Amino acid sequence: MPRPLRVIAAAFALLLVTACNSASTGGSTPSSVRGVTADTIKVGGIVSMTTASGYSKKDTDLGARARYDRANAEGGVNGRKIQYLGAEDDGQDPARNLAAARKLVQQDEVFAVSPMSSVTFAGADFLDGQKVPTVGWGTLPSFCGPAHIYGFNGCLVPTPGGTLNQTWPESLAAVLGGARGKSVALIAGDNDAGKFGIRTFTQGFKAAGFQVAYAKAVVPATSMPSDWSAYTKEILRSGPGGGAPDAVVSVMQTPYNIGLFTALKRSGYKGLITDPTDYDPGLLAKEATKQALDGVHVLLQFQPFESDSPAMRQFKEDVKKAAGGKDVPLSMHTMTGYMSADLFLSIARKAGKDLTVESFQNAAAGFSDSGTLVGDRAEPKGKKESFGCGALVRLKNGRYEVAVPFKCYPPIPFG
């Protein structure tokens with residue numbers, strides 16, 4: 001074949017290959033960045049949807065989907081739509097948590113994991129090592145320090161050199177008329193999260209002026225007690241002079257709290273009872289559960305659903321749309337998913353059109369905003385301390401009411 005004809009034939013073949021590639025990718029330009037194409041960003045989640053105790057964080061997935069859906073309806077992030085794969089269920093099992101992380105990265109090839117919400121985070125080292133931006137509820141030490149892992153409300157369990165959020169002790173002091181002369185008993189599950197929680201909250205309550213009369217992570221984490229009397233007897237004798245403490249602070253999940261609180265009330269305890277997990281209208285469907293939680297003060301690290309701010313109205317509208325137009329019960333897990341997605345979207349938007357792990361990290365390094373449902377946010381501040389805001393709600397006669405309004409408190413050094 002004459003040379004001019006060979007050149008023409010080669011050029012024609014190249015055009016055919018290019019056309020086929022464009023057809024097969026929907027016109028997208030191939031990207032060397034994992035999970036990113038010219039028009040999509042692939043994101044997955046890891047959530048404890050099922051657990052041995054029956055406790056579930058499944059609403060986290062709905063909250064994330066609601067926020068991603070709105071982002072897509074508004075045109076996506078710098079022209080790219082979020083391809084949300086949903087959340088993998090880790091069953092609150094470390095092995096399954098790591099397996100879920102590996103699947104999302106190696107099989108599904110996601111750019112990011114958001115949300116991540118569980119009491120275990122065995123996949124943290126893997127995700128950070130693979131440079132996967134990960135956003136979730138910063139209740140575990142893995143959210144405090146690793147370069148690619150972010151808490152949607154900052155680092156709640158800091159390492160020495162970080163700070164502690166004082167929302168809980170300061171809010172309880174407000175309810176009790178001050179911390180001076182008041183005693184608290186702290187109880188948690190016998191696991192890493194429980195032990196760390198006892199350590200941090202002991203420091204926080206002491207710093208606020210409380211006497212910490214009891215602080216133990218002793219409740220079996222894998223087998224819920226059928227008889228709580230051994231725990232209640234010890235707690236009720238831990239206060240000044242062998243009496244009951246002014247407040248019992250539980251750092252446990254709902255099924256455990258129901259058992260403990262029921263036992264405390266049957267023992268005649270009249271003091272304040274509080275926990276950080278039982279803000280969920282769905283819990284009120286069962287009469288026994290409603291009675292166990294009646295009067296309990298629940299810590300929130302976001303605006304209460306009872307508030308009427310523009311951001312809260314937007315949140316409720318987004319969740320309703322994601323639920324197919326139905327009014328579904330809202331829980332703190334719904335908010336966890338929503339705000340995890342929101343922080344990821346906010347940083348990714350700042351990273352610009354050229355989205356890579358490096359551009360995402362650079363954007364995060366100087367990120368800040370204000371007035372969100374969790375207060376003012378800033379990175380890398382969030383690697384060492386929480387965003388410091390919260391509220392206290394109380395369940396009364398089958399309804400939640402705001403006991404202490406949403407407010408930001410100065411953190412204290414942790415050591």
# chains A, B, ... in the order shown; residues from 1 in each chain; ligands from 1

$ select_by_dssp --residues "region 37-201 of chain A" --states "helix (DSSP H, G or I)" --output "PyMOL selection string"
chain A and resi 59-73+94-107+124-129+141-143+167-176+192-201

$ closest_atom_pairs --of "region 222-294 of chain A" --to "region 108-127 of chain A" --cutoff "12 Å" --atoms "only C-alpha atoms" --output "JSON lines"
{"residue": "A:Val251", "atom": "CA", "partner": "A:Val119", "partner_atom": "CA", "distance": 11.8}
{"residue": "A:Met252", "atom": "CA", "partner": "A:Val119", "partner_atom": "CA", "distance": 10.5}
{"residue": "A:Gln253", "atom": "CA", "partner": "A:Val119", "partner_atom": "CA", "distance": 9.9}

$ atom_distance --atom1 "CA of Asp354 (chain A)" --atom2 "CA of Phe367 (chain A)"
17.0 Å

$ closest_residue --among "A:Cys408, A:Ile46, A:Ala179, A:Ala52" --to "Gly388 (chain A)" --atoms "only C-alpha atoms"
A:Cys408

$ residues_around --residues "region 79-90 of chain A" --least-positions-apart "5" --cutoff "9 Å" --atoms "only C-alpha atoms" --output "PyMOL selection string"
chain A and resi 36-51+58+60-62+64-65+68-69+71-73+95-101+104+108+110+113-116+118+120+353

$ residues_around --residues "region 330-343 of chain A" --least-positions-apart "2" --cutoff "9 Å" --atoms "only C-alpha atoms" --output "ChimeraX atom specification"
/A:56-68,114-117,134-137,150-153,277-282,300,302,305,315-316,319,327-328,345-348,373-374,377

$ write_last_selection --atoms "N, CA and C atoms" --output "short mmCIF file (atom, residue, chain, number, x, y, z; two decimals), in the first residue's frame"
data_model
loop_
_atom_site.label_atom_id
_atom_site.label_comp_id
_atom_site.auth_asym_id
_atom_site.auth_seq_id
_atom_site.Cartn_x
_atom_site.Cartn_y
_atom_site.Cartn_z
N SER A 56 -29.03 -1.00 65.70
CA SER A 56 -28.74 -0.77 64.29
C SER A 56 -28.50 0.70 64.00
N LYS A 57 -27.53 0.95 63.11
CA LYS A 57 -27.25 2.29 62.65
C LYS A 57 -27.67 2.46 61.19
N LYS A 58 -28.65 1.65 60.75
CA LYS A 58 -29.02 1.61 59.33
C LYS A 58 -29.47 2.97 58.79
N ASP A 59 -30.03 3.83 59.66
CA ASP A 59 -30.48 5.14 59.19
C ASP A 59 -29.32 6.01 58.72
N THR A 60 -28.09 5.63 59.08
CA THR A 60 -26.91 6.36 58.61
C THR A 60 -26.88 6.35 57.08
N ASP A 61 -27.22 5.21 56.50
CA ASP A 61 -27.22 5.07 55.04
C ASP A 61 -28.25 6.00 54.40
N LEU A 62 -29.45 6.08 54.99
CA LEU A 62 -30.49 6.97 54.46
C LEU A 62 -30.04 8.42 54.52
N GLY A 63 -29.42 8.81 55.65
CA GLY A 63 -28.97 10.19 55.78
C GLY A 63 -27.94 10.56 54.73
N ALA A 64 -26.99 9.65 54.49
CA ALA A 64 -25.97 9.91 53.46
C ALA A 64 -26.61 10.02 52.08
N ARG A 65 -27.50 9.10 51.80
CA ARG A 65 -28.16 9.10 50.48
C ARG A 65 -28.94 10.40 50.27
N ALA A 66 -29.58 10.88 51.34
CA ALA A 66 -30.35 12.13 51.23
C ALA A 66 -29.45 13.30 50.84
N ARG A 67 -28.28 13.36 51.45
CA ARG A 67 -27.38 14.49 51.15
C ARG A 67 -26.78 14.37 49.75
N TYR A 68 -26.42 13.15 49.36
CA TYR A 68 -25.86 12.95 48.02
C TYR A 68 -26.91 13.22 46.95
N SER A 114 -17.71 7.30 52.78
CA SER A 114 -18.44 8.28 53.58
C SER A 114 -19.94 7.99 53.43
N PRO A 115 -20.57 7.45 54.49
CA PRO A 115 -20.16 7.47 55.90
C PRO A 115 -19.46 6.19 56.35
N MET A 116 -18.74 6.31 57.49
CA MET A 116 -18.21 5.17 58.22
C MET A 116 -18.69 5.33 59.67
N SER A 117 -19.57 4.44 60.11
CA SER A 117 -20.12 4.56 61.46
C SER A 117 -20.26 3.18 62.09
N THR A 134 -11.94 9.27 53.98
CA THR A 134 -12.96 8.57 54.75
C THR A 134 -13.55 9.53 55.77
N VAL A 135 -14.90 9.61 55.81
CA VAL A 135 -15.57 10.53 56.72
C VAL A 135 -16.63 9.77 57.50
N GLY A 136 -16.67 9.97 58.81
CA GLY A 136 -17.67 9.30 59.63
C GLY A 136 -17.80 9.92 60.99
N TRP A 137 -18.40 9.18 61.90
CA TRP A 137 -18.62 9.65 63.26
C TRP A 137 -17.35 9.42 64.05
N TYR A 150 -11.53 11.51 58.52
CA TYR A 150 -12.11 12.73 59.09
C TYR A 150 -13.40 12.41 59.86
N GLY A 151 -13.56 13.05 61.03
CA GLY A 151 -14.81 12.98 61.76
C GLY A 151 -15.71 14.12 61.32
N PHE A 152 -16.99 13.82 61.08
CA PHE A 152 -17.88 14.89 60.59
C PHE A 152 -18.06 15.99 61.64
N ASN A 153 -17.82 15.66 62.90
CA ASN A 153 -17.81 16.70 63.92
C ASN A 153 -16.48 16.74 64.66
N THR A 277 -26.81 8.24 73.13
CA THR A 277 -27.28 7.46 71.98
C THR A 277 -28.79 7.42 71.78
N ASP A 278 -29.59 7.71 72.78
CA ASP A 278 -31.02 7.40 72.72
C ASP A 278 -31.91 8.54 72.24
N TYR A 279 -31.47 9.19 71.18
CA TYR A 279 -32.28 10.24 70.55
C TYR A 279 -32.85 9.66 69.27
N ASP A 280 -33.99 8.99 69.40
CA ASP A 280 -34.54 8.26 68.27
C ASP A 280 -36.04 8.06 68.50
N PRO A 281 -36.90 8.81 67.80
CA PRO A 281 -38.34 8.66 67.98
C PRO A 281 -38.83 7.23 67.75
N GLY A 282 -38.10 6.46 66.95
CA GLY A 282 -38.49 5.07 66.71
C GLY A 282 -38.44 4.22 67.97
N LEU A 300 -26.49 15.46 72.40
CA LEU A 300 -26.45 15.59 70.95
C LEU A 300 -25.24 16.43 70.57
N PHE A 302 -25.20 17.88 67.54
CA PHE A 302 -25.75 18.57 66.38
C PHE A 302 -27.02 19.29 66.84
N PHE A 305 -33.53 18.07 66.41
CA PHE A 305 -34.54 18.05 65.35
C PHE A 305 -35.69 19.02 65.67
N PHE A 315 -32.46 19.76 55.96
CA PHE A 315 -32.17 18.37 56.32
C PHE A 315 -33.44 17.52 56.27
N LYS A 316 -34.50 18.00 56.88
CA LYS A 316 -35.76 17.23 56.93
C LYS A 316 -36.35 17.06 55.52
N VAL A 319 -34.22 14.38 53.64
CA VAL A 319 -34.47 13.02 54.12
C VAL A 319 -35.82 12.52 53.63
N ASP A 327 -42.68 10.61 55.59
CA ASP A 327 -42.16 11.19 56.83
C ASP A 327 -41.64 10.05 57.70
N VAL A 328 -40.35 9.86 57.69
CA VAL A 328 -39.75 8.77 58.45
C VAL A 328 -39.20 9.31 59.77
N LEU A 345 -18.61 16.30 50.71
CA LEU A 345 -18.99 17.14 49.57
C LEU A 345 -18.37 18.53 49.65
N SER A 346 -18.34 19.08 50.85
CA SER A 346 -17.82 20.44 51.03
C SER A 346 -16.33 20.50 50.71
N ILE A 347 -15.57 19.49 51.16
CA ILE A 347 -14.13 19.48 50.87
C ILE A 347 -13.89 19.18 49.39
N ALA A 348 -14.64 18.22 48.83
CA ALA A 348 -14.47 17.86 47.42
C ALA A 348 -14.79 19.05 46.51
N LEU A 373 -25.07 22.27 60.82
CA LEU A 373 -25.84 21.55 61.84
C LEU A 373 -24.97 21.03 62.98
N VAL A 374 -23.64 21.04 62.78
CA VAL A 374 -22.73 20.65 63.87
C VAL A 374 -21.89 21.85 64.32
N ARG A 377 -16.93 24.34 61.43
CA ARG A 377 -16.02 23.23 61.11
C ARG A 377 -14.69 23.78 60.61
#

$ residues_around --residues "Pro225 (chain A)" --least-positions-apart "5" --cutoff "10 Å" --atoms "only C-alpha atoms" --output "MDAnalysis selection string"
chainID A and resid 219:220 230:231 256 259:260

$ atom_distance --atom1 "CA of Asn257 (chain A)" --atom2 "CA of Pro245 (chain A)"
17.3 Å

$ closest_residue --among "A:Met312, A:Ile235, A:Leu392, A:Ala213" --to "Gly295 (chain A)" --atoms "only C-alpha atoms"
A:Leu392

$ select_by_dssp --residues "region 111-230 of chain A" --states "strand (DSSP E)" --output "JSON, numbers by chain"
{"A": [112, 113, 114, 115, 116, 117, 134, 135, 136, 149, 150, 151, 163, 164, 183, 184, 185, 186, 187, 188, 189, 211, 212, 213, 214, 215, 216, 217, 218, 219]}

$ closest_residue --among "A:Pro380, A:Gly243, A:Ile412, A:Gly75" --to "Pro146 (chain A)" --atoms "only C-alpha atoms"
A:Pro380

$ atom_distance --atom1 "CA of Lys216 (chain A)" --atom2 "CA of Lys233 (chain A)"
13.7 Å

$ residues_around --residues "Ala365 (chain A)" --least-positions-apart "2" --cutoff "9 Å" --atoms "only C-alpha atoms" --output "VMD selection string"
chain A and resid 360 to 363 367 378 to 380
